[in-house]
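Source file: structure_25.csv. Holds: CSV, C-alpha atoms and all ligand atoms.
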chain,number,residue,atom,x,y,z
G,1,MET,CA,-19.0,-30.7,52.4
G,2,ASP,CA,-19.9,-34.2,51.1
G,3,LEU,CA,-17.8,-34.4,48.0
G,4,LYS,CA,-19.5,-37.5,46.8
G,5,THR,CA,-22.8,-35.7,46.5
G,6,SER,CA,-21.9,-32.0,45.9
G,7,LEU,CA,-21.4,-32.3,42.1
G,8,GLY,CA,-24.6,-33.8,40.9
G,9,SER,CA,-23.8,-37.5,41.0
G,10,PRO,CA,-20.3,-38.0,39.8
G,11,VAL,CA,-19.8,-41.2,41.6
G,12,ILE,CA,-20.7,-44.5,40.1
G,13,ALA,CA,-21.9,-46.4,43.1
G,14,ASP,CA,-21.8,-49.9,41.7
G,15,PRO,CA,-24.5,-51.7,43.7
G,16,LEU,CA,-23.3,-55.1,42.6
G,17,PRO,CA,-26.6,-56.8,42.1
G,18,THR,CA,-26.4,-60.6,42.3
G,19,LEU,CA,-29.2,-62.8,41.2
G,20,VAL,CA,-30.9,-63.9,44.4
G,21,LEU,CA,-30.7,-67.6,44.8
G,22,PRO,CA,-31.8,-70.0,47.5
G,23,SER,CA,-30.1,-69.1,50.8
G,24,ALA,CA,-29.3,-72.8,51.4
G,25,VAL,CA,-26.6,-72.7,48.7
G,26,MET,CA,-25.1,-69.3,49.8
G,27,THR,CA,-22.9,-70.9,52.4
G,28,PHE,CA,-19.6,-72.5,51.7
G,29,THR,CA,-20.4,-76.1,51.2
G,30,THR,CA,-18.6,-78.2,48.6
G,31,PRO,CA,-21.3,-80.6,47.4
G,32,THR,CA,-20.1,-84.0,46.6
G,33,SER,CA,-22.6,-84.3,43.8
G,34,PHE,CA,-25.2,-82.1,42.1
G,35,PRO,CA,-28.6,-83.1,40.9
G,36,SER,CA,-28.7,-82.7,37.1
G,37,PRO,CA,-29.6,-79.0,36.4
G,38,GLY,CA,-32.6,-80.4,34.5
G,39,LEU,CA,-34.1,-81.5,37.8
G,40,TYR,CA,-34.6,-77.8,38.6
G,41,LEU,CA,-36.8,-77.3,35.6
G,42,ASN,CA,-40.0,-78.3,37.4
G,43,THR,CA,-39.2,-76.7,40.7
G,44,SER,CA,-41.1,-73.5,39.9
G,45,SER,CA,-41.1,-72.5,43.6
G,46,LYS,CA,-37.4,-72.1,43.5
G,47,LYS,CA,-37.5,-69.8,40.5
G,48,LYS,CA,-37.5,-66.1,40.7
G,49,PRO,CA,-39.7,-64.4,38.1
G,50,LEU,CA,-37.4,-63.1,35.3
G,51,PRO,CA,-37.6,-59.6,34.2
G,52,GLY,CA,-39.5,-59.5,31.0
G,53,LYS,CA,-40.1,-55.8,30.2
G,54,ILE,CA,-37.4,-53.2,29.9
G,55,GLU,CA,-38.8,-51.3,33.0
G,56,GLU,CA,-38.4,-54.5,35.0
G,57,VAL,CA,-34.9,-55.0,33.9
G,58,ARG,CA,-34.2,-51.4,34.8
G,59,ALA,CA,-35.9,-51.7,38.1
G,60,SER,CA,-33.6,-54.6,39.0
G,61,GLY,CA,-30.7,-52.3,38.4
G,62,TRP,CA,-29.0,-54.6,35.9
G,63,LEU,CA,-29.6,-52.7,32.7
G,64,ASP,CA,-28.4,-49.3,34.2
G,65,LEU,CA,-25.4,-51.1,35.4
G,66,MET,CA,-24.7,-52.7,32.0
G,67,MET,CA,-25.0,-49.2,30.4
G,68,ALA,CA,-22.8,-47.5,32.9
G,69,SER,CA,-20.2,-50.2,33.1
G,70,SER,CA,-16.7,-49.4,31.7
G,71,PRO,CA,-17.6,-46.5,29.3
G,72,THR,CA,-16.6,-47.3,25.8
G,73,ARG,CA,-13.8,-45.4,24.1
G,74,LYS,CA,-16.3,-43.6,21.9
G,75,ARG,CA,-18.0,-42.0,25.0
G,76,GLN,CA,-14.6,-41.1,26.5
G,77,ILE,CA,-13.6,-39.4,23.3
G,78,LYS,CA,-16.9,-37.5,23.1
G,79,ASP,CA,-16.0,-36.2,26.6
G,80,VAL,CA,-12.6,-35.1,25.5
G,81,VAL,CA,-13.8,-33.2,22.3
G,82,ASN,CA,-16.4,-31.5,24.3
G,83,ASP,CA,-14.4,-29.0,26.4
G,84,VAL,CA,-17.1,-28.3,28.9
G,85,GLN,CA,-17.8,-31.9,29.6
G,86,ALA,CA,-14.1,-32.7,29.8
G,87,ASP,CA,-13.5,-29.9,32.4
G,88,ASP,CA,-16.5,-31.2,34.3
G,89,HIS,CA,-15.0,-34.7,34.3
G,90,ASP,CA,-11.6,-33.4,35.4
G,91,LEU,CA,-13.2,-31.5,38.3
G,92,GLN,CA,-15.2,-34.5,39.4
G,93,TYR,CA,-12.1,-36.7,39.2
G,94,CYS,CA,-10.1,-34.2,41.2
G,95,ASN,CA,-12.8,-34.0,43.9
G,96,TRP,CA,-13.0,-37.8,44.0
G,97,MET,CA,-9.3,-38.0,44.5
G,98,VAL,CA,-9.6,-36.2,47.8
G,99,ASP,CA,-11.2,-39.4,49.1
G,100,TYR,CA,-9.0,-41.7,47.0
G,101,PRO,CA,-5.6,-40.0,46.7
G,102,SER,CA,-3.2,-41.0,44.0
G,103,ALA,CA,-0.8,-43.7,45.1
G,104,LEU,CA,1.8,-41.9,43.1
G,105,THR,CA,1.5,-38.5,44.7
G,106,SER,CA,1.1,-40.2,48.1
G,107,PHE,CA,4.0,-42.5,47.5
G,108,GLU,CA,6.1,-41.0,50.3
G,109,ALA,CA,3.2,-41.5,52.8
G,110,ILE,CA,2.9,-45.1,51.6
G,111,THR,CA,6.6,-45.8,52.0
G,112,ASP,CA,6.7,-44.0,55.4
G,113,PHE,CA,3.9,-46.2,56.6
G,114,ALA,CA,5.5,-49.3,55.1
G,115,GLY,CA,8.8,-48.6,57.0
G,116,SER,CA,10.4,-51.9,57.5
G,117,LYS,CA,7.3,-54.0,57.1
G,118,ARG,CA,7.4,-56.8,54.5
G,119,LEU,CA,5.3,-55.9,51.5
G,120,ALA,CA,3.1,-58.5,49.7
G,121,LEU,CA,1.7,-57.5,46.4
G,122,PHE,CA,-1.6,-58.7,44.8
G,123,LEU,CA,-2.3,-57.6,41.3
G,124,ASP,CA,-5.4,-57.9,39.2
G,125,TYR,CA,-4.8,-58.5,35.4
G,126,ASP,CA,-7.3,-56.9,33.0
G,127,GLY,CA,-7.6,-53.1,33.3
G,128,THR,CA,-4.7,-53.2,35.9
G,129,LEU,CA,-1.7,-54.7,34.1
G,130,SER,CA,-3.2,-54.5,30.6
G,131,PRO,CA,-5.5,-51.9,29.2
G,132,ILE,CA,-9.1,-52.8,28.5
G,133,VAL,CA,-9.5,-53.7,24.8
G,134,ASP,CA,-12.5,-54.9,22.7
G,135,ASN,CA,-11.4,-58.4,22.2
G,136,PRO,CA,-10.4,-60.2,25.5
G,137,ALA,CA,-7.9,-62.4,23.5
G,138,ASN,CA,-5.9,-59.3,22.7
G,139,ALA,CA,-5.4,-58.0,26.3
G,140,ILE,CA,-1.7,-58.2,25.9
G,141,MET,CA,0.6,-57.0,28.6
G,142,SER,CA,3.5,-54.7,27.4
G,143,ASP,CA,7.1,-55.9,27.8
G,144,GLU,CA,7.8,-52.9,29.9
G,145,MET,CA,4.9,-53.8,32.3
G,146,ARG,CA,6.2,-57.4,32.4
G,147,ALA,CA,9.7,-56.1,33.3
G,148,ALA,CA,8.2,-53.9,36.1
G,149,VAL,CA,6.2,-56.9,37.5
G,150,ARG,CA,9.2,-59.2,37.3
G,151,HIS,CA,11.2,-56.6,39.2
G,152,VAL,CA,8.8,-56.2,42.1
G,153,ALA,CA,8.3,-59.9,42.2
G,154,SER,CA,12.1,-60.3,42.8
G,155,LEU,CA,11.7,-58.0,45.8
G,156,PHE,CA,8.3,-58.9,47.3
G,157,PRO,CA,6.0,-61.9,47.3
G,158,THR,CA,3.7,-61.1,44.3
G,159,ALA,CA,0.5,-62.8,43.1
G,160,ILE,CA,-1.8,-62.2,40.2
G,161,ILE,CA,-5.5,-62.6,41.1
G,162,SER,CA,-7.7,-62.6,38.0
G,163,GLY,CA,-11.2,-63.5,36.8
G,164,ARG,CA,-9.6,-65.3,33.9
G,165,SER,CA,-8.6,-68.9,34.0
G,166,ARG,CA,-5.3,-69.4,35.7
G,167,ASP,CA,-3.7,-70.9,32.5
G,168,LYS,CA,-4.9,-68.0,30.4
G,169,VAL,CA,-3.6,-65.3,32.8
G,170,PHE,CA,-0.3,-67.1,33.0
G,171,ASP,CA,-0.1,-67.2,29.2
G,172,PHE,CA,-0.4,-63.4,29.2
G,173,VAL,CA,2.0,-62.7,32.1
G,174,LYS,CA,4.5,-65.4,31.4
G,175,LEU,CA,6.4,-65.0,34.7
G,176,ASN,CA,7.3,-68.0,36.8
G,177,GLU,CA,8.3,-66.0,39.8
G,178,LEU,CA,4.7,-65.1,40.7
G,179,TYR,CA,1.8,-66.9,42.3
G,180,TYR,CA,-1.4,-67.1,40.3
G,181,ALA,CA,-5.0,-67.3,41.3
G,182,GLY,CA,-7.5,-67.7,38.4
G,183,SER,CA,-11.3,-67.8,38.2
G,184,HIS,CA,-11.7,-65.0,40.7
G,185,GLY,CA,-9.5,-66.8,43.2
G,186,MET,CA,-11.2,-70.2,42.8
G,187,ASP,CA,-8.1,-71.7,41.3
G,188,ILE,CA,-4.9,-70.9,43.3
G,189,MET,CA,-1.4,-72.2,42.6
G,190,GLY,CA,0.5,-71.1,45.6
G,191,PRO,CA,3.6,-72.0,47.6
G,192,VAL,CA,3.9,-75.2,49.5
G,193,GLY,CA,3.5,-73.9,53.1
G,194,LYS,CA,1.8,-74.9,56.2
G,195,THR,CA,-1.6,-74.5,54.5
G,196,THR,CA,-3.1,-77.9,53.7
G,197,GLU,CA,-6.7,-77.0,53.7
G,198,SER,CA,-9.1,-74.0,53.8
G,199,ASN,CA,-12.8,-73.9,54.6
G,200,GLY,CA,-12.8,-77.7,54.7
G,201,VAL,CA,-11.3,-78.1,51.2
G,202,GLU,CA,-8.0,-79.9,50.9
G,203,CYS,CA,-5.1,-78.5,48.9
G,204,ILE,CA,-3.5,-80.7,46.3
G,205,ARG,CA,0.2,-81.0,46.0
G,206,SER,CA,1.3,-80.6,42.4
G,207,THR,CA,4.2,-79.4,40.3
G,208,ASP,CA,4.3,-76.3,38.1
G,209,THR,CA,5.7,-76.2,34.5
G,210,GLN,CA,9.2,-75.7,36.0
G,211,GLY,CA,8.8,-78.9,38.1
G,212,LYS,CA,8.6,-76.9,41.3
G,213,GLU,CA,6.4,-78.2,44.0
G,214,VAL,CA,3.2,-76.1,44.5
G,215,ASN,CA,0.0,-76.2,46.3
G,216,LEU,CA,-3.2,-76.2,44.3
G,217,PHE,CA,-6.4,-75.0,45.9
G,218,GLN,CA,-9.6,-75.4,43.9
G,219,PRO,CA,-12.6,-74.9,46.2
G,220,ALA,CA,-15.1,-75.1,43.3
G,221,SER,CA,-13.8,-78.2,41.6
G,222,GLU,CA,-17.1,-80.1,42.0
G,223,PHE,CA,-18.8,-77.4,39.9
G,224,LEU,CA,-16.7,-78.1,36.8
G,225,PRO,CA,-19.2,-80.3,34.9
G,226,MET,CA,-22.0,-77.8,35.6
G,227,ILE,CA,-19.9,-74.9,34.5
G,228,ASP,CA,-19.0,-76.7,31.2
G,229,GLU,CA,-22.7,-77.4,30.7
G,230,VAL,CA,-23.8,-73.8,31.3
G,231,TYR,CA,-21.0,-72.5,29.1
G,232,LYS,CA,-22.4,-74.5,26.2
G,233,ARG,CA,-26.0,-73.5,26.9
G,234,LEU,CA,-25.1,-69.8,27.3
G,235,GLY,CA,-23.1,-70.0,24.0
G,236,GLU,CA,-26.2,-71.3,22.2
G,237,SER,CA,-28.5,-68.8,23.8
G,238,ILE,CA,-26.5,-65.7,22.8
G,239,MET,CA,-25.3,-67.0,19.4
G,240,ASP,CA,-27.6,-64.8,17.4
G,241,ILE,CA,-26.7,-61.5,19.3
G,242,ASP,CA,-24.3,-59.6,17.2
G,243,GLY,CA,-21.1,-58.8,19.2
G,244,ALA,CA,-21.8,-61.0,22.2
G,245,ARG,CA,-18.9,-63.3,23.1
G,246,MET,CA,-18.4,-66.1,25.5
G,247,GLU,CA,-15.2,-66.9,27.5
G,248,ASP,CA,-14.5,-70.1,29.4
G,249,ASN,CA,-12.6,-69.2,32.6
G,250,LYS,CA,-12.6,-72.8,34.0
G,251,PHE,CA,-14.6,-72.3,37.2
G,252,CYS,CA,-16.5,-69.3,35.8
G,253,VAL,CA,-18.0,-68.3,32.5
G,254,SER,CA,-17.9,-64.7,31.1
G,255,VAL,CA,-20.5,-63.4,28.7
G,256,HIS,CA,-19.0,-60.3,27.1
G,257,TYR,CA,-21.2,-57.5,25.7
G,258,ARG,CA,-18.6,-54.8,25.0
G,259,ASN,CA,-19.2,-55.1,21.3
G,260,VAL,CA,-23.0,-55.5,21.5
G,261,ALA,CA,-25.3,-52.6,20.4
G,262,GLU,CA,-26.8,-50.9,23.5
G,263,ASP,CA,-30.3,-51.7,22.2
G,264,ASP,CA,-29.4,-55.4,22.6
G,265,TYR,CA,-28.1,-55.3,26.2
G,266,GLN,CA,-31.5,-56.2,27.5
G,267,LYS,CA,-31.6,-59.2,25.2
G,268,VAL,CA,-28.2,-60.4,26.5
G,269,PHE,CA,-29.3,-60.0,30.1
G,270,GLN,CA,-32.6,-61.9,29.5
G,271,ARG,CA,-31.0,-64.7,27.6
G,272,VAL,CA,-28.4,-65.2,30.4
G,273,THR,CA,-30.9,-65.0,33.2
G,274,ALA,CA,-33.2,-67.5,31.4
G,275,VAL,CA,-30.4,-70.1,31.3
G,276,MET,CA,-29.4,-69.3,34.9
G,277,GLU,CA,-32.9,-70.1,36.2
G,278,ASP,CA,-32.0,-73.8,35.8
G,279,TYR,CA,-28.8,-73.5,37.9
G,280,PRO,CA,-29.6,-72.3,41.4
G,281,CYS,CA,-26.0,-73.3,42.5
G,282,LEU,CA,-24.6,-70.7,40.2
G,283,LYS,CA,-24.8,-66.9,40.5
G,284,LEU,CA,-24.5,-64.0,38.2
G,285,THR,CA,-22.2,-61.0,38.8
G,286,HIS,CA,-21.3,-58.0,36.7
G,287,GLY,CA,-17.9,-56.7,35.6
G,288,ARG,CA,-16.7,-54.3,33.0
G,289,LYS,CA,-19.1,-54.9,30.1
G,290,VAL,CA,-19.2,-58.5,31.1
G,291,LEU,CA,-21.7,-60.8,32.9
G,292,GLU,CA,-20.0,-63.5,34.9
G,293,VAL,CA,-21.5,-66.8,36.0
G,294,ARG,CA,-19.8,-68.6,38.9
G,295,PRO,CA,-20.5,-71.1,41.7
G,296,VAL,CA,-22.4,-69.8,44.7
G,297,ILE,CA,-19.7,-70.5,47.2
G,298,ASP,CA,-18.3,-68.2,49.8
G,299,TRP,CA,-15.1,-67.7,48.0
G,300,ASN,CA,-13.8,-64.6,46.2
G,301,LYS,CA,-10.6,-62.6,45.5
G,302,GLY,CA,-10.6,-61.4,49.2
G,303,LYS,CA,-10.6,-65.0,50.4
G,304,ALA,CA,-7.8,-65.7,47.9
G,305,VAL,CA,-5.7,-62.9,49.4
G,306,GLU,CA,-6.2,-64.4,52.9
G,307,PHE,CA,-5.4,-67.8,51.6
G,308,LEU,CA,-2.2,-66.7,49.9
G,309,LEU,CA,-1.0,-64.6,52.9
G,310,GLU,CA,-1.5,-67.7,55.0
G,311,SER,CA,0.3,-70.0,52.5
G,312,LEU,CA,3.2,-67.5,52.4
G,313,GLY,CA,3.4,-67.5,56.2
G,314,LEU,CA,2.5,-63.8,56.3
G,315,ASN,CA,-0.9,-63.9,57.8
G,316,GLU,CA,-0.1,-63.7,61.5
G,317,SER,CA,2.6,-61.1,61.3
G,318,GLU,CA,2.0,-57.4,62.2
G,319,ASP,CA,5.1,-56.8,60.2
G,320,VAL,CA,3.4,-57.4,56.8
G,321,LEU,CA,1.8,-54.8,54.5
G,322,PRO,CA,-0.3,-56.4,51.8
G,323,ILE,CA,-1.2,-54.1,48.9
G,324,TYR,CA,-3.9,-55.1,46.3
G,325,VAL,CA,-4.2,-53.2,43.0
G,326,GLY,CA,-7.3,-53.8,40.9
G,327,ASP,CA,-9.9,-52.0,38.7
G,328,ASP,CA,-13.0,-54.1,38.9
G,329,ARG,CA,-16.0,-54.8,41.1
G,330,THR,CA,-14.6,-58.2,42.0
G,331,ASP,CA,-11.5,-56.6,43.4
G,332,GLU,CA,-13.6,-54.8,45.9
G,333,ASP,CA,-13.8,-58.1,47.9
G,334,ALA,CA,-10.0,-58.0,48.3
G,335,PHE,CA,-10.1,-54.2,49.2
G,336,LYS,CA,-12.7,-55.0,51.9
G,337,VAL,CA,-10.6,-57.8,53.4
G,338,LEU,CA,-7.6,-55.5,53.7
G,339,LYS,CA,-9.7,-52.6,55.0
G,340,ALA,CA,-11.4,-54.8,57.6
G,341,SER,CA,-8.2,-56.3,58.9
G,342,ASN,CA,-6.6,-52.8,59.0
G,343,ARG,CA,-3.3,-54.2,57.8
G,344,GLY,CA,-2.9,-53.3,54.2
G,345,PHE,CA,-4.8,-51.4,51.6
G,346,GLY,CA,-6.3,-51.5,48.2
G,347,ILE,CA,-5.5,-49.3,45.2
G,348,LEU,CA,-8.3,-48.8,42.8
G,349,VAL,CA,-7.4,-48.3,39.1
G,350,SER,CA,-10.0,-46.0,37.6
G,351,SER,CA,-10.1,-43.0,35.3
G,352,ILE,CA,-13.6,-42.2,36.5
G,353,PRO,CA,-14.9,-41.6,40.0
G,354,LYS,CA,-16.2,-44.7,41.7
G,355,GLU,CA,-17.1,-45.7,45.2
G,356,SER,CA,-14.7,-48.2,46.5
G,357,ASP,CA,-13.2,-49.8,49.6
G,358,ALA,CA,-9.8,-49.1,48.2
G,359,PHE,CA,-7.7,-46.5,50.0
G,360,TYR,CA,-5.7,-45.0,47.1
G,361,SER,CA,-6.2,-44.7,43.4
G,362,LEU,CA,-4.3,-44.9,40.1
G,363,ARG,CA,-5.7,-43.7,36.9
G,364,ASP,CA,-4.8,-46.5,34.5
G,365,PRO,CA,-2.3,-49.3,33.8
G,366,ALA,CA,0.4,-46.8,32.8
G,367,GLU,CA,0.2,-45.3,36.4
G,368,VAL,CA,0.2,-48.9,37.8
G,369,MET,CA,3.5,-49.5,36.0
G,370,GLU,CA,5.0,-46.3,37.4
G,371,PHE,CA,3.9,-47.2,40.9
G,372,LEU,CA,5.5,-50.7,40.6
G,373,LYS,CA,8.7,-49.1,39.3
G,374,LYS,CA,8.8,-46.6,42.2
G,375,LEU,CA,8.2,-49.4,44.7
G,376,ALA,CA,11.1,-51.4,43.3
G,377,THR,CA,13.4,-48.4,43.4
G,378,TRP,CA,12.4,-47.5,46.9
G,379,LYS,CA,13.0,-51.1,48.1
G,380,GLU,CA,16.4,-51.2,46.5
G,381,GLN,CA,17.5,-47.9,47.9
G,382,SER,CA,16.3,-48.7,51.4
G,383,THR,CA,18.2,-52.0,51.7
G,401,LIG,O1,-10.0,-60.0,37.3
G,401,LIG,P1,-9.6,-59.6,35.9
G,401,LIG,O2,-8.2,-60.0,35.6
G,401,LIG,O3,-9.7,-58.1,35.8
G,401,LIG,O4,-10.5,-60.2,34.9
G,401,LIG,C1,-11.9,-59.7,34.8
G,401,LIG,C2,-12.4,-60.0,33.4
G,401,LIG,O5,-11.4,-59.4,32.5
G,401,LIG,C3,-11.6,-59.7,31.1
G,401,LIG,O6,-12.6,-58.9,30.6
G,401,LIG,C4,-12.3,-57.5,30.7
G,401,LIG,O7,-11.2,-57.2,29.9
G,401,LIG,C5,-11.4,-57.4,28.5
G,401,LIG,C6,-10.1,-57.2,27.8
G,401,LIG,O8,-9.6,-55.9,28.0
G,401,LIG,C7,-12.5,-56.6,27.9
G,401,LIG,O9,-12.7,-56.9,26.5
G,401,LIG,C8,-13.8,-56.9,28.7
G,401,LIG,O10,-14.9,-56.1,28.3
G,401,LIG,C9,-13.6,-56.7,30.2
G,401,LIG,O11,-14.7,-57.1,31.0
G,401,LIG,C10,-11.7,-61.1,30.8
G,401,LIG,O12,-12.0,-61.3,29.4
G,401,LIG,C11,-12.9,-61.7,31.6
G,401,LIG,O13,-13.0,-63.1,31.4
G,401,LIG,C12,-12.5,-61.5,33.1
G,401,LIG,O14,-13.4,-62.1,34.0
As structure tokens, how would this structure be written, given the file I've shared?
Amino acid sequence: MDLKTSLGSPVIADPLPTLVLPSAVMTFTTPTSFPSPGLYLNTSSKKKPLPGKIEEVRASGWLDLMMASSPTRKRQIKDVVNDVQADDHDLQYCNWMVDYPSALTSFEAITDFAGSKRLALFLDYDGTLSPIVDNPANAIMSDEMRAAVRHVASLFPTAIISGRSRDKVFDFVKLNELYYAGSHGMDIMGPVGKTTESNGVECIRSTDTQGKEVNLFQPASEFLPMIDEVYKRLGESIMDIDGARMEDNKFCVSVHYRNVAEDDYQKVFQRVTAVMEDYPCLKLTHGRKVLEVRPVIDWNKGKAVEFLLESLGLNESEDVLPIYVGDDRTDEDAFKVLKASNRGFGILVSSIPKESDAFYSLRDPAEVMEFLKKLATWKEQST
């Protein structure tokens, strides 16, 4: 029986639409200079017609995705008060877990498989280490979670890989013993190892706040002026939409619509895509009630995992087990890399059934914390 289709359609199959942009800029090239975005204004042949009517937005898949993304608390509560729906939801979740078993109930299988291998941990931030909240500035990590992360980081190489800017995610996590990759992996502060370049981009030697020597890898640095400009333009274009909020993530820009009325989602999407038309070197992706604008380079959280493994000298060894824990669509790139290399595995954090390249699942950040604590205990008891 195909569990993914047997219960109506319980699985959210995030199709990850990306605005289609000229294929010439889809490869990993770091341009030394960009034409002013204004130059693109008259190049109508490069433009894709923008969806004008609601049906067209729907047809492109974006509006449905915006509606389905990260159900609001109101909807989840409605599910809970309605017993029938809640039972249905539980049943669907249990069925889904056959394909994505809980990393907690499968903990022994995980540690049996790990055996004496060296673990490397990669953790997403929002929705993984901190619960999803309405205001991104309030996505605080609990002290108990911080202690759990500190503990595992004292036992295994551990990195945070976030869509936020690196500085911002560090301000939340506040742990010096970790490695950090911000802007969906486009801003990595890693160890000084044998890695001096990747994909033709040189690493920069720098020092962290503690004065420790680090390697800085920023494959999208040439895009900074463009990202700053698009941040301002997007801010102006959504200013009048109640609840819409911008976030500057250094090499990416987030347009949050979590607090926007559903009737205005289409407006948000249209305003964003209208600005994007002038920037063929940028692409639009979709996260949890957020539209994200970022450079069209072949770099993502999966590449960041590979880069960090190499910097840590763990890439070649059969004896290493990388584990990536994340909740968002952008984490799928990392899950895919681990799945393809058949070395480690992803753990998807989700309280609803979702299609994923992860191997295991955890329901929410509370379960992530429990998993991290169990890992630390296991490691300490086995050495
Ligand atoms: O890669 P991540 O660390 O998961 O970052 C992805 C985005 O997370 C943040 O937005 C999400 O969390 C917010 C706080 O809970 C929530 O309000 C928002 O709706 C979510 O999309 C962050 O604010 C974004 O900039 C990140 O790109």
- Task: Would you kindly return, as a PyMOL selection string, each protein, DNA or RNA residue with an atom no farther than 12 Å from any atom of region 102-113 of chain G, considering only C-alpha atoms and excluding same-chain residues fewer than 2 positions away?
- Result: chain G and resi 93-100+115-119+319-325+343-351+358-364+366-379+381-382
- Env. residues ligand LIG 401 (chain G) / 8 Å / all atoms listed in the file / as an NGL selection string: :G and (70 or 124-128 or 130-139 or 161-165 or 169 or 183-184 or 247-249 or 253-258 or 287-290 or 292 or 326-328 or 330-331)
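Residues surrounding Ile188 (chain G) within 10 Å are Ala159, Ile160, Ile161, Arg166, Tyr179, Tyr180, Ala181, Gly182, Ser183, His184, Gly185, Met186, Gly190, Pro191, Cys203, Val214, Asn215, Leu216, Phe217, Gln218, Pro219, Ala304, Phe307 and Leu308 of chain G [only C-alpha atoms; sequence separation below 2 positions excluded].
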- Which neighbours of Arg233 (chain G) fall inside 12 Å, counting all atoms listed in the file, when residues of the same chain fewer than 3 positions from it are skipped, and could you give them as JSON, numbers by chain? {"G": [37, 226, 227, 228, 229, 230, 236, 237, 238, 239, 246, 253, 255, 271, 272, 273, 274, 275, 276, 278, 279]}
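Between CA of Lys194 (chain G) and CA of Leu155 (chain G) there is a distance of 22.2 Å.
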- Message: My list of candidates is G:Thr383, G:Glu213, G:Asp242, G:Phe335. Which is closest to Val260 (chain G) when distances are computed with all atoms listed in the file?
- Response: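 Selected residue with least distance to Val260 (chain G): G:Asp242.
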- Would you mind reading off the distance between CA of Leu282 (chain G) and CA of Phe223 (chain G), one decimal, in Å?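 Between CA of Leu282 (chain G) and CA of Phe223 (chain G) the gap works out to 8.9 Å.
For the residues G:Ser69, G:Lys232, G:Lys339, G:Leu309, ranking by smallest atom-to-atom distance to Thr158 (chain G) using only C-alpha atoms places G:Leu309 first.
Coordinates place CA of Asp83 (chain G) at a distance of 26.7 Å from CA of Ala261 (chain G).
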Can you take the partial region 214-225 of chain G, add N, CA and C atoms, and return it as a PDB file, keeping the file's coordinate frame?
ATOM      1  N   VAL G 214       4.184 -77.217  44.153  1.00  0.00           N
ATOM      2  CA  VAL G 214       3.200 -76.100  44.500  1.00  0.00           C
ATOM      3  C   VAL G 214       1.999 -76.717  45.142  1.00  0.00           C
ATOM      4  N   ASN G 215       1.212 -75.820  45.707  1.00  0.00           N
ATOM      5  CA  ASN G 215       0.000 -76.200  46.300  1.00  0.00           C
ATOM      6  C   ASN G 215      -1.189 -75.701  45.463  1.00  0.00           C
ATOM      7  N   LEU G 216      -2.077 -76.612  45.103  1.00  0.00           N
ATOM      8  CA  LEU G 216      -3.200 -76.200  44.300  1.00  0.00           C
ATOM      9  C   LEU G 216      -4.459 -76.199  45.116  1.00  0.00           C
ATOM     10  N   PHE G 217      -5.178 -75.079  45.066  1.00  0.00           N
ATOM     11  CA  PHE G 217      -6.400 -75.000  45.900  1.00  0.00           C
ATOM     12  C   PHE G 217      -7.559 -74.622  44.924  1.00  0.00           C
ATOM     13  N   GLN G 218      -8.515 -75.541  44.814  1.00  0.00           N
ATOM     14  CA  GLN G 218      -9.600 -75.400  43.900  1.00  0.00           C
ATOM     15  C   GLN G 218     -10.959 -75.646  44.586  1.00  0.00           C
ATOM     16  N   PRO G 219     -11.447 -74.661  45.352  1.00  0.00           N
ATOM     17  CA  PRO G 219     -12.600 -74.900  46.200  1.00  0.00           C
ATOM     18  C   PRO G 219     -13.923 -75.182  45.380  1.00  0.00           C
ATOM     19  N   ALA G 220     -13.890 -74.923  44.059  1.00  0.00           N
ATOM     20  CA  ALA G 220     -15.100 -75.100  43.300  1.00  0.00           C
ATOM     21  C   ALA G 220     -15.004 -76.276  42.292  1.00  0.00           C
ATOM     22  N   SER G 221     -14.075 -77.179  42.564  1.00  0.00           N
ATOM     23  CA  SER G 221     -13.800 -78.200  41.600  1.00  0.00           C
ATOM     24  C   SER G 221     -15.038 -79.077  41.239  1.00  0.00           C
ATOM     25  N   GLU G 222     -15.920 -79.243  42.234  1.00  0.00           N
ATOM     26  CA  GLU G 222     -17.100 -80.100  42.000  1.00  0.00           C
ATOM     27  C   GLU G 222     -18.080 -79.421  41.012  1.00  0.00           C
ATOM     28  N   PHE G 223     -17.877 -78.148  40.766  1.00  0.00           N
ATOM     29  CA  PHE G 223     -18.800 -77.400  39.900  1.00  0.00           C
ATOM     30  C   PHE G 223     -18.396 -77.531  38.396  1.00  0.00           C
ATOM     31  N   LEU G 224     -17.220 -78.118  38.154  1.00  0.00           N
ATOM     32  CA  LEU G 224     -16.700 -78.100  36.800  1.00  0.00           C
ATOM     33  C   LEU G 224     -17.703 -78.620  35.724  1.00  0.00           C
ATOM     34  N   PRO G 225     -18.314 -79.821  35.933  1.00  0.00           N
ATOM     35  CA  PRO G 225     -19.200 -80.300  34.900  1.00  0.00           C
ATOM     36  C   PRO G 225     -20.405 -79.334  34.672  1.00  0.00           C
TER      37      PRO G 225
END
